[in-house]
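Data first, discussion second: the structure below is written as structure tokens.
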Amino acid sequence: MDDSKILDSAEDAEFRAQAREFLSAHAALRMGTDRTTLLSTDASREAELAHIAAARTWQRTLFDHGWAGIAWPKIYGGRGGTREQAKIFSEEELRYEVNTGALSIGLQMVGPTLLEHGSEEQKLKFLPEMLRGEALWCQLFSEPGAGSDLAGLTTKAELDGDEYLVNGQKVWTSSAHVADWGMMIARTDWDVPKHRGISYFLVDMRSPGIEVRPLVQITGFAHFNEVFLTDVKVPAANLVDQPGNGWRVANTTLSNERNMIGSGSGISFQSILELAHSLDRGDDPLVRQELAHSYTRFHLVLWLAGRARARASRGDHLGPEASVLKLLASQKMAADGDLVMALQGAGGMLKLEDAPFDGMWQSYFLNQWSVRIGGGTEQIQRNVLGERVLGLPSENRPDKVLPFKDVPRN
């Protein structure tokens, strides 16, 4: 039985039926009985641009028919519905072969951040173009010397009249080479402790002084980049919230990123089960035991993602749920990666182009590392949960109270 028929109110059941009617008319039903993450093994520029074009087209279709930004206010281009309706539409959309990944940074990270912290002018300028699929975003957070210790960043933004002059370097920036805009945190005050001197900006990636260099991954893809900023001018109007409040704004973005990664990471149990049967391994008792563990992991992540969405549907700020979800999703990816490689036996050692199934499983195994690190490693999530949820004492860090200019650096 469809659980939604039991759990939905009469109003939500009607909304779900309308969503299904729209999706059925505009998209193909996803094959199989379980959600499967599509793993591309094509690292070509042409494939990347085709992926982006498909995402833009689908997002524009949603916007034109009134299904974009379900819970975003109408004044910003949204549908003006409830957060519960947004949750319902997301559930239904997963059942269809639609391409949304290229726009997820903007729609799932930047958009919610601006709704909570942005000025009215920023919301009116940026949110509608996100919902129309017109703008691709990237995240200019990590630096060569500030990854796990993100608050130790040294990219500086100095106010000069009605604009900021930005100098520094960012790294591991997904999609910077194709992005129209970037959300960036930079240091605006060196005389206060590190968390208090950070500000949050919206940066036009076509600005003079921005240089993007690709970083080729072990999979052959160049999804990540390093970004060099030299005397980049950012209008003061693109400062989000107040100077020095950037760490608080960034934490909203990071919570949404962890929820996004945790909710969308990994492969479905059905995919792994089908792999085992296709290799005639499904009757092996040891394999069946590992499949049972995989089934459990898949549904735990699914249920935790549902809990996070439910909290968001009530308008609550995502807190520890995002870290719990990211941590469990990372553990799932690691265990499932080992399992799909073990199922292939010697075939698991082959390079992507020589491997069975067009190298799809090798691609997943190799790509999992970047996903597990993105949004905060497992160790970072444990620190967050230990200190902020369990109330455990934090590590002794003198640099948290010193003015940042006095913190020793290499």
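Chains: A, B, ... in order of the structure tokens. Residues: from 1 per chain. Ligands: from 1, in order shown.
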ask   = Hey, what's within 8 Å of Gln139 of chain A if we count only C-alpha atoms and toss same-chain stuff fewer than 5 positions away? As JSON, numbers by chain, please?
value = {"A": [105, 173, 174, 176, 182, 183, 184]}
Preceding selection exported with C-alpha atoms as a PDB file, in the first residue's frame:
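Final output, selection.pdb:
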```
ATOM      1  CA  ILE A 105      23.707  24.296  -5.272  1.00  0.00           C
ATOM      2  CA  THR A 173      34.907  24.517  -5.888  1.00  0.00           C
ATOM      3  CA  SER A 174      32.323  22.391  -7.675  1.00  0.00           C
ATOM      4  CA  ALA A 176      33.116  27.002 -10.813  1.00  0.00           C
ATOM      5  CA  GLY A 182      29.285  32.116  -6.441  1.00  0.00           C
ATOM      6  CA  MET A 183      28.515  32.366  -2.735  1.00  0.00           C
ATOM      7  CA  MET A 184      31.718  33.332  -0.982  1.00  0.00           C
TER       8      MET A 184
END
```
inquiry  = DSSP on the backbone: which residues in segment 244-357 of chain A end up as alpha helix (DSSP H)? Give the answer as a VMD selection string.
reply    = chain A and resid 246 to 264 269 to 278 285 to 313 320 to 343
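If you measure from each of A:Arg79, A:Lys87, A:His277, A:Lys123 to Arg16 of chain A using only C-alpha atoms, the closest one turns out to be A:Lys87.
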Please provide as a short mmCIF file (atom, residue, chain, number, x, y, z; two decimals) with N, CA and C atoms, in the first residue's frame all residues within 6 Å of segment 364-378 of chain A, with the sequence filter that same-chain residues fewer than 4 positions apart are discarded (counting only C-alpha atoms).
```
data_model
loop_
_atom_site.label_atom_id
_atom_site.label_comp_id
_atom_site.auth_asym_id
_atom_site.auth_seq_id
_atom_site.Cartn_x
_atom_site.Cartn_y
_atom_site.Cartn_z
N ARG A 258 24.70 19.71 3.90
CA ARG A 258 24.77 18.37 4.50
C ARG A 258 23.47 17.62 4.27
N LEU A 327 26.58 12.01 8.21
CA LEU A 327 27.46 10.99 8.77
C LEU A 327 27.01 9.60 8.34
N SER A 330 27.53 9.00 4.61
CA SER A 330 28.94 8.74 4.30
C SER A 330 29.31 7.30 4.61
N GLY A 337 30.18 0.97 -1.40
CA GLY A 337 31.27 0.98 -2.36
C GLY A 337 32.11 -0.28 -2.27
#
```
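Remark: for Trp247 of chain A, the closest of the candidate residues A:Val384, A:Leu150, A:Ala135, A:Val287 is A:Leu150 (distances computed over only C-alpha atoms).
Each of A:Val203, A:Val192, A:Val171, A:Ala102 was checked against Asp399 of chain A using only C-alpha atoms; the smallest atom-to-atom distance is that of A:Val192.
Going from atom CA of Gln122 of chain A over to atom CA of Lys156 of chain A, you cover 22.2 Å.
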task = Counting only C-alpha atoms, figure out which residue out of A:Arg397, A:Gly220, A:Ser271, A:Phe201 gets nearest to Leu352 of chain A.
result = A:Gly220
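Between atom CA of Ala86 of chain A and atom CA of Thr57 of chain A there is a distance of 20.0 Å.
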